[in-house]
file structure-v6.txt (compact mmCIF, C-alpha atoms)
# COMPACT_ATOMS: atom_id res chain seq x y z
CA MET A 1 7.82 -38.08 -13.68
CA SER A 2 5.73 -38.43 -10.53
CA LYS A 3 3.85 -35.42 -9.23
CA SER A 4 5.50 -33.68 -6.32
CA LEU A 5 3.70 -33.93 -2.99
CA LEU A 6 3.86 -31.70 0.06
CA VAL A 7 2.57 -33.19 3.32
CA ILE A 8 1.66 -30.63 5.99
CA SER A 9 1.56 -32.14 9.46
CA ARG A 10 -0.23 -29.88 11.95
CA GLN A 11 -1.26 -32.12 14.83
CA ALA A 12 0.60 -32.60 18.10
CA PRO A 13 2.28 -36.01 18.46
CA TRP A 14 0.03 -37.60 21.10
CA SER A 15 -3.38 -36.13 20.22
CA GLY A 16 -4.39 -38.82 17.72
CA PRO A 17 -3.14 -40.79 14.75
CA SER A 18 -2.57 -37.79 12.43
CA ALA A 19 1.08 -37.16 13.28
CA ARG A 20 2.05 -40.78 12.72
CA GLU A 21 -0.06 -41.04 9.56
CA ALA A 22 1.54 -37.96 8.04
CA LEU A 23 4.99 -39.44 8.68
CA ASP A 24 3.88 -42.79 7.24
CA ILE A 25 2.70 -41.10 4.03
CA VAL A 26 6.02 -39.31 3.68
CA LEU A 27 8.08 -42.44 4.38
CA ALA A 28 6.01 -44.51 1.95
CA GLY A 29 6.48 -41.80 -0.69
CA GLY A 30 10.20 -41.76 0.02
CA ALA A 31 10.39 -45.54 -0.40
CA PHE A 32 9.01 -45.08 -3.93
CA ASP A 33 11.35 -42.17 -4.68
CA LEU A 34 8.49 -39.69 -5.04
CA PRO A 35 9.45 -36.02 -4.90
CA ILE A 36 8.02 -35.34 -1.47
CA GLY A 37 8.30 -32.63 1.17
CA LEU A 38 7.20 -32.45 4.79
CA LEU A 39 6.19 -29.30 6.63
CA PHE A 40 5.44 -29.08 10.36
CA LEU A 41 2.84 -26.40 11.00
CA ASP A 42 0.85 -25.24 14.07
CA ASP A 43 0.90 -27.92 16.82
CA GLY A 44 2.74 -30.20 14.40
CA VAL A 45 5.99 -28.49 15.44
CA PHE A 46 5.61 -30.16 18.86
CA GLN A 47 6.60 -33.39 17.10
CA LEU A 48 10.09 -31.90 16.80
CA ALA A 49 10.53 -31.28 20.54
CA THR A 50 13.37 -33.32 22.03
CA SER A 51 13.32 -35.88 24.88
CA GLN A 52 9.66 -36.79 24.60
CA ASP A 53 8.54 -39.97 26.35
CA ALA A 54 5.91 -41.84 24.34
CA LYS A 55 5.80 -44.71 26.83
CA ALA A 56 4.34 -42.44 29.50
CA VAL A 57 1.12 -42.33 27.44
CA GLN A 58 1.37 -45.90 26.16
CA GLN A 59 2.24 -44.85 22.62
CA LYS A 60 4.98 -45.71 20.16
CA ASP A 61 7.89 -43.35 19.79
CA LEU A 62 7.78 -41.11 16.71
CA SER A 63 11.39 -40.01 16.88
CA ALA A 64 12.57 -43.20 15.13
CA ASN A 65 10.24 -42.40 12.21
CA LEU A 66 11.56 -38.83 12.13
CA GLN A 67 15.14 -40.06 12.03
CA ALA A 68 14.22 -42.47 9.23
CA LEU A 69 13.31 -39.55 6.92
CA SER A 70 16.86 -38.96 5.74
CA LEU A 71 17.41 -42.73 5.29
CA PHE A 72 14.42 -42.71 2.92
CA GLY A 73 15.96 -39.85 0.96
CA ILE A 74 13.58 -37.19 2.29
CA ASP A 75 15.63 -34.06 2.73
CA ASP A 76 12.90 -31.48 2.29
CA VAL A 77 11.78 -31.26 5.90
CA PHE A 78 10.58 -27.86 7.07
CA ALA A 79 9.00 -26.23 10.08
CA CYS A 80 6.93 -23.06 10.24
CA ARG A 81 8.97 -20.42 12.06
CA HIS A 82 5.82 -18.59 13.18
CA SER A 83 4.47 -21.79 14.81
CA LEU A 84 7.85 -22.47 16.49
CA ASN A 85 8.07 -18.92 17.88
CA GLU A 86 4.46 -18.99 19.05
CA ARG A 87 5.23 -22.11 21.11
CA GLY A 88 8.61 -20.97 22.40
CA LEU A 89 10.44 -23.77 20.58
CA VAL A 90 13.97 -23.27 19.27
CA SER A 91 14.67 -24.14 15.66
CA PRO A 92 15.07 -27.92 15.54
CA ALA A 93 18.06 -29.62 13.96
CA SER A 94 15.80 -31.98 11.99
CA ALA A 95 13.75 -29.38 10.10
CA GLN A 96 14.53 -26.14 8.33
CA PRO A 97 12.49 -23.18 9.64
CA LEU A 98 10.61 -21.19 7.00
CA SER A 99 8.78 -17.87 7.08
CA SER A 100 5.10 -17.64 6.11
CA GLU A 101 6.09 -16.14 2.76
CA GLN A 102 8.52 -18.99 2.07
CA ILE A 103 5.80 -21.52 2.97
CA HIS A 104 3.38 -19.85 0.58
CA GLU A 105 5.97 -20.11 -2.21
CA MET A 106 6.59 -23.74 -1.33
CA ILE A 107 2.87 -24.65 -1.45
CA ASP A 108 2.80 -22.98 -4.87
CA ARG A 109 5.75 -25.05 -6.07
CA TYR A 110 4.43 -28.51 -5.14
CA GLU A 111 1.87 -30.08 -7.43
CA GLN A 112 -0.18 -31.70 -4.68
CA VAL A 113 -0.69 -30.85 -1.02
CA ILE A 114 -2.08 -32.97 1.81
CA THR A 115 -2.77 -31.29 5.16
CA LEU A 116 -3.32 -33.59 8.13
CA MET B 1 0.03 -21.51 -9.34
CA SER B 2 -3.26 -21.14 -7.51
CA THR B 3 -4.56 -23.17 -4.61
CA LEU B 4 -8.11 -23.66 -3.39
CA HIS B 5 -7.99 -24.05 0.39
CA VAL B 6 -10.93 -25.99 1.82
CA VAL B 7 -11.64 -25.26 5.49
CA SER B 8 -14.36 -27.23 7.28
CA HIS B 9 -13.59 -26.53 10.96
CA SER B 10 -14.99 -23.68 13.04
CA PRO B 11 -12.51 -20.79 13.24
CA PHE B 12 -13.55 -20.28 16.86
CA THR B 13 -12.21 -23.60 18.13
CA ASP B 14 -9.28 -24.13 15.87
CA SER B 15 -6.31 -22.41 14.19
CA ARG B 16 -6.82 -23.83 10.67
CA LEU B 17 -8.36 -20.70 9.17
CA ASN B 18 -5.80 -18.40 10.81
CA SER B 19 -2.88 -20.47 9.52
CA CYS B 20 -4.49 -20.74 6.11
CA LEU B 21 -4.90 -16.95 5.90
CA ARG B 22 -1.29 -16.50 6.95
CA LEU B 23 -0.04 -18.80 4.16
CA CYS B 24 -2.45 -17.83 1.36
CA GLY B 25 -1.22 -16.01 -1.72
CA ALA B 26 -3.10 -13.46 -3.82
CA GLN B 27 -4.06 -16.08 -6.44
CA ASP B 28 -5.49 -18.47 -3.83
CA ALA B 29 -9.08 -18.87 -2.71
CA ILE B 30 -10.79 -20.25 0.38
CA LEU B 31 -13.83 -22.47 0.33
CA LEU B 32 -15.70 -22.67 3.62
CA CYS B 33 -17.86 -25.68 4.34
CA GLY B 34 -19.29 -27.40 7.39
CA ASP B 35 -18.50 -25.47 10.57
CA GLY B 36 -15.93 -23.53 8.57
CA ALA B 37 -18.92 -21.49 7.39
CA TYR B 38 -19.04 -19.86 10.84
CA ALA B 39 -16.17 -17.67 9.62
CA LEU B 40 -18.95 -15.67 7.90
CA GLN B 41 -20.56 -14.80 11.25
CA ALA B 42 -20.97 -11.02 10.82
CA ALA B 43 -18.70 -8.74 12.87
CA SER B 44 -16.66 -11.67 14.20
CA ALA B 45 -12.86 -11.69 14.16
CA PRO B 46 -12.59 -14.34 11.41
CA PHE B 47 -15.16 -12.46 9.31
CA GLN B 48 -13.03 -9.31 9.55
CA ALA B 49 -9.82 -11.23 8.90
CA LEU B 50 -11.29 -12.77 5.74
CA GLN B 51 -12.60 -9.43 4.53
CA ALA B 52 -9.29 -7.66 5.23
CA LYS B 53 -7.27 -10.29 3.36
CA GLY B 54 -9.29 -9.61 0.19
CA LEU B 55 -9.08 -13.17 -1.17
CA LYS B 56 -11.75 -14.95 -3.16
CA VAL B 57 -14.01 -16.61 -0.62
CA PHE B 58 -16.57 -19.31 -1.40
CA VAL B 59 -19.04 -20.93 0.95
CA LEU B 60 -21.06 -24.06 0.43
CA ALA B 61 -24.64 -22.76 0.15
CA GLU B 62 -26.29 -25.47 2.23
CA ASP B 63 -23.85 -24.93 5.10
CA SER B 64 -24.37 -21.16 5.28
CA GLN B 65 -28.13 -21.64 4.89
CA ALA B 66 -28.31 -24.26 7.63
CA ARG B 67 -26.50 -21.89 10.01
CA ASN B 68 -28.46 -18.79 8.94
CA LEU B 69 -25.26 -17.02 7.94
CA PRO B 70 -25.83 -14.24 5.39
CA VAL B 71 -23.25 -14.38 2.59
CA PRO B 72 -21.48 -11.00 2.35
CA ALA B 73 -20.97 -9.29 -1.02
CA TRP B 74 -17.26 -10.24 -1.05
CA ALA B 75 -18.04 -13.98 -0.82
CA ASP B 76 -19.74 -16.33 -3.27
CA SER B 77 -22.19 -19.05 -2.44
CA VAL B 78 -21.64 -22.34 -4.31
CA ASP B 79 -23.46 -25.66 -4.61
CA TYR B 80 -21.75 -29.04 -4.93
CA PRO B 81 -21.41 -29.00 -8.75
CA ALA B 82 -19.80 -25.54 -8.48
CA PHE B 83 -17.52 -26.90 -5.73
CA VAL B 84 -16.34 -29.59 -8.17
CA GLN B 85 -15.85 -27.00 -10.91
CA LEU B 86 -13.78 -24.83 -8.54
CA SER B 87 -11.54 -27.75 -7.67
CA ILE B 88 -10.87 -28.12 -11.40
CA ASN B 89 -10.34 -24.40 -11.99
CA TYR B 90 -7.61 -24.10 -9.37
CA ASP B 91 -4.22 -25.77 -9.91
CA LYS B 92 -4.59 -27.73 -6.70
CA VAL B 93 -6.83 -28.20 -3.70
CA ASN B 94 -5.47 -28.12 -0.16
CA THR B 95 -8.03 -29.56 2.24
CA TRP B 96 -7.28 -28.61 5.84
CA LEU B 97 -8.31 -31.96 7.35

call {"tool": "encode", "arguments": {"input": "structure-v6.txt", "output": "structure tokens"}}
result
Amino acid sequence: MSKSLLVISRQAPWSGPSAREALDIVLAGGAFDLPIGLLFLDDGVFQLATSQDAKAVQQKDLSANLQALSLFGIDDVFACRHSLNERGLVSPASAQPLSSEQIHEMIDRYEQVITL
Amino acid sequence: MSTLHVVSHSPFTDSRLNSCLRLCGAQDAILLCGDGAYALQAASAPFQALQAKGLKVFVLAEDSQARNLPVPAWADSVDYPAFVQLSINYDKVNTWL
């Protein structure tokens, strides 16, 4: 049995390669059927905002990668409720909001954690 | 399950330490290195937040020494071999890259 992996993505979508890389790790893990979870934390929750326009900053759209998560069998997609509230974002359809206490329990549960 | 959280960014420019403190459990510990060591700046907000949380706090000795940051009684100074030993002692390591 593979070790379970939690990827915590905490960078805004257009501030560097981190957001895309975190998604790539998760999708690659999904392709190999690893038990993998994804949590959006801090500015990472901005990746979940709707109607973003990557072309305006000459970047590739991340929303296709986000939509691919379920196709790759990744259903454990979460967002930090505190980070969402702080930024005035409503709970996104694509990620389940969790309290700080729930996130702590989740980090405990996974065998490995990567924070990007 | 216990987690060692490694924080290497200054708490004054960045939210890593704050988020880490928010998500830490009682069994967890924080290891400060690089500019993360500035969290031990006496009387600062991160210093007080760390102290109030009451977690185990470690700091890489060379980083606190380089920055002339006295290590308070509630924190422990570690060298690199001790850093490696800590990463073995805890169930997992979460590095806040």

call {"tool": "interface_residues", "arguments": {"input": "structure-v6.txt", "of": "chain A", "to": "chain B", "cutoff": "8 Å", "atoms": "only C-alpha atoms", "output": "PyMOL selection string"}}
result
chain A and resi 42+100-101+103-104+108-109+111-116

call {"tool": "residues_around", "arguments": {"input": "structure-v6.txt", "residues": "segment 72-81 of chain A", "least_positions_apart": "2", "cutoff": "8 Å", "atoms": "only C-alpha atoms", "output": "VMD selection string"}}
result
chain A and resid 26 to 27 30 to 31 33 36 to 42 45 68 to 70 83 to 85 91 94 to 100 103

call {"tool": "residues_around", "arguments": {"input": "structure-v6.txt", "residues": "Pro13 of chain A", "least_positions_apart": "3", "cutoff": "8 Å", "atoms": "all atoms listed in the file", "output": "ChimeraX atom specification"}}
result
/A:16,18-20,44,46-47,62

call {"tool": "write_last_selection", "arguments": {"input": "structure-v6.txt", "atoms": "C-alpha atoms", "output": "short mmCIF file (atom, residue, chain, number, x, y, z; two decimals), keeping the file's coordinate frame"}}
result
data_model
loop_
_atom_site.label_atom_id
_atom_site.label_comp_id
_atom_site.auth_asym_id
_atom_site.auth_seq_id
_atom_site.Cartn_x
_atom_site.Cartn_y
_atom_site.Cartn_z
CA GLY A 16 -4.39 -38.82 17.72
CA SER A 18 -2.57 -37.79 12.43
CA ALA A 19 1.08 -37.16 13.28
CA ARG A 20 2.05 -40.78 12.72
CA GLY A 44 2.74 -30.20 14.40
CA PHE A 46 5.61 -30.16 18.86
CA GLN A 47 6.60 -33.39 17.10
CA LEU A 62 7.78 -41.11 16.71
#

call {"tool": "atom_distance", "arguments": {"input": "structure-v6.txt", "atom1": "atom CA of Asp63 of chain B", "atom2": "atom CA of Ala37 of chain B"}}
result
6.4 Å

call {"tool": "residues_around", "arguments": {"input": "structure-v6.txt", "residues": "Tyr38 of chain B", "least_positions_apart": "2", "cutoff": "9 Å", "atoms": "only C-alpha atoms", "output": "short mmCIF file (atom, residue, chain, number, x, y, z; two decimals) with C-alpha atoms, keeping the file's coordinate frame"}}
result
data_model
loop_
_atom_site.label_atom_id
_atom_site.label_comp_id
_atom_site.auth_asym_id
_atom_site.auth_seq_id
_atom_site.Cartn_x
_atom_site.Cartn_y
_atom_site.Cartn_z
CA HIS B 9 -13.59 -26.53 10.96
CA SER B 10 -14.99 -23.68 13.04
CA PRO B 11 -12.51 -20.79 13.24
CA PHE B 12 -13.55 -20.28 16.86
CA LEU B 32 -15.70 -22.67 3.62
CA CYS B 33 -17.86 -25.68 4.34
CA GLY B 34 -19.29 -27.40 7.39
CA ASP B 35 -18.50 -25.47 10.57
CA GLY B 36 -15.93 -23.53 8.57
CA LEU B 40 -18.95 -15.67 7.90
CA GLN B 41 -20.56 -14.80 11.25
CA PRO B 46 -12.59 -14.34 11.41
CA PHE B 47 -15.16 -12.46 9.31
CA SER B 64 -24.37 -21.16 5.28
CA ARG B 67 -26.50 -21.89 10.01
CA LEU B 69 -25.26 -17.02 7.94
#

call {"tool": "residues_around", "arguments": {"input": "structure-v6.txt", "residues": "segment 78-82 of chain B", "least_positions_apart": "5", "cutoff": "8 Å", "atoms": "all atoms listed in the file", "output": "compact mmCIF listing (two decimals) with C-alpha atoms, in the frame of the given file"}}
result
# COMPACT_ATOMS: atom_id res chain seq x y z
CA PHE B 58 -16.57 -19.31 -1.40
CA VAL B 59 -19.04 -20.93 0.95
CA LEU B 60 -21.06 -24.06 0.43
CA ALA B 61 -24.64 -22.76 0.15
CA GLU B 62 -26.29 -25.47 2.23

call {"tool": "closest_residue", "arguments": {"input": "structure-v6.txt", "among": "B:Lys53, B:Ile88, B:Ala29, B:Ala66", "to": "Leu4 of chain B", "atoms": "only C-alpha atoms"}}
result
B:Ala29

call {"tool": "residues_around", "arguments": {"input": "structure-v6.txt", "residues": "Gln51 of chain B", "least_positions_apart": "3", "cutoff": "12 Å", "atoms": "all atoms listed in the file", "output": "PyMOL selection string"}}
result
chain B and resi 21+30+39-48+54-57+71-75

call {"tool": "write_last_selection", "arguments": {"input": "structure-v6.txt", "atoms": "C-alpha atoms", "output": "compact mmCIF listing (two decimals), keeping the file's coordinate frame"}}
result
# COMPACT_ATOMS: atom_id res chain seq x y z
CA LEU B 21 -4.90 -16.95 5.90
CA ILE B 30 -10.79 -20.25 0.38
CA ALA B 39 -16.17 -17.67 9.62
CA LEU B 40 -18.95 -15.67 7.90
CA GLN B 41 -20.56 -14.80 11.25
CA ALA B 42 -20.97 -11.02 10.82
CA ALA B 43 -18.70 -8.74 12.87
CA SER B 44 -16.66 -11.67 14.20
CA ALA B 45 -12.86 -11.69 14.16
CA PRO B 46 -12.59 -14.34 11.41
CA PHE B 47 -15.16 -12.46 9.31
CA GLN B 48 -13.03 -9.31 9.55
CA GLY B 54 -9.29 -9.61 0.19
CA LEU B 55 -9.08 -13.17 -1.17
CA LYS B 56 -11.75 -14.95 -3.16
CA VAL B 57 -14.01 -16.61 -0.62
CA VAL B 71 -23.25 -14.38 2.59
CA PRO B 72 -21.48 -11.00 2.35
CA ALA B 73 -20.97 -9.29 -1.02
CA TRP B 74 -17.26 -10.24 -1.05
CA ALA B 75 -18.04 -13.98 -0.82
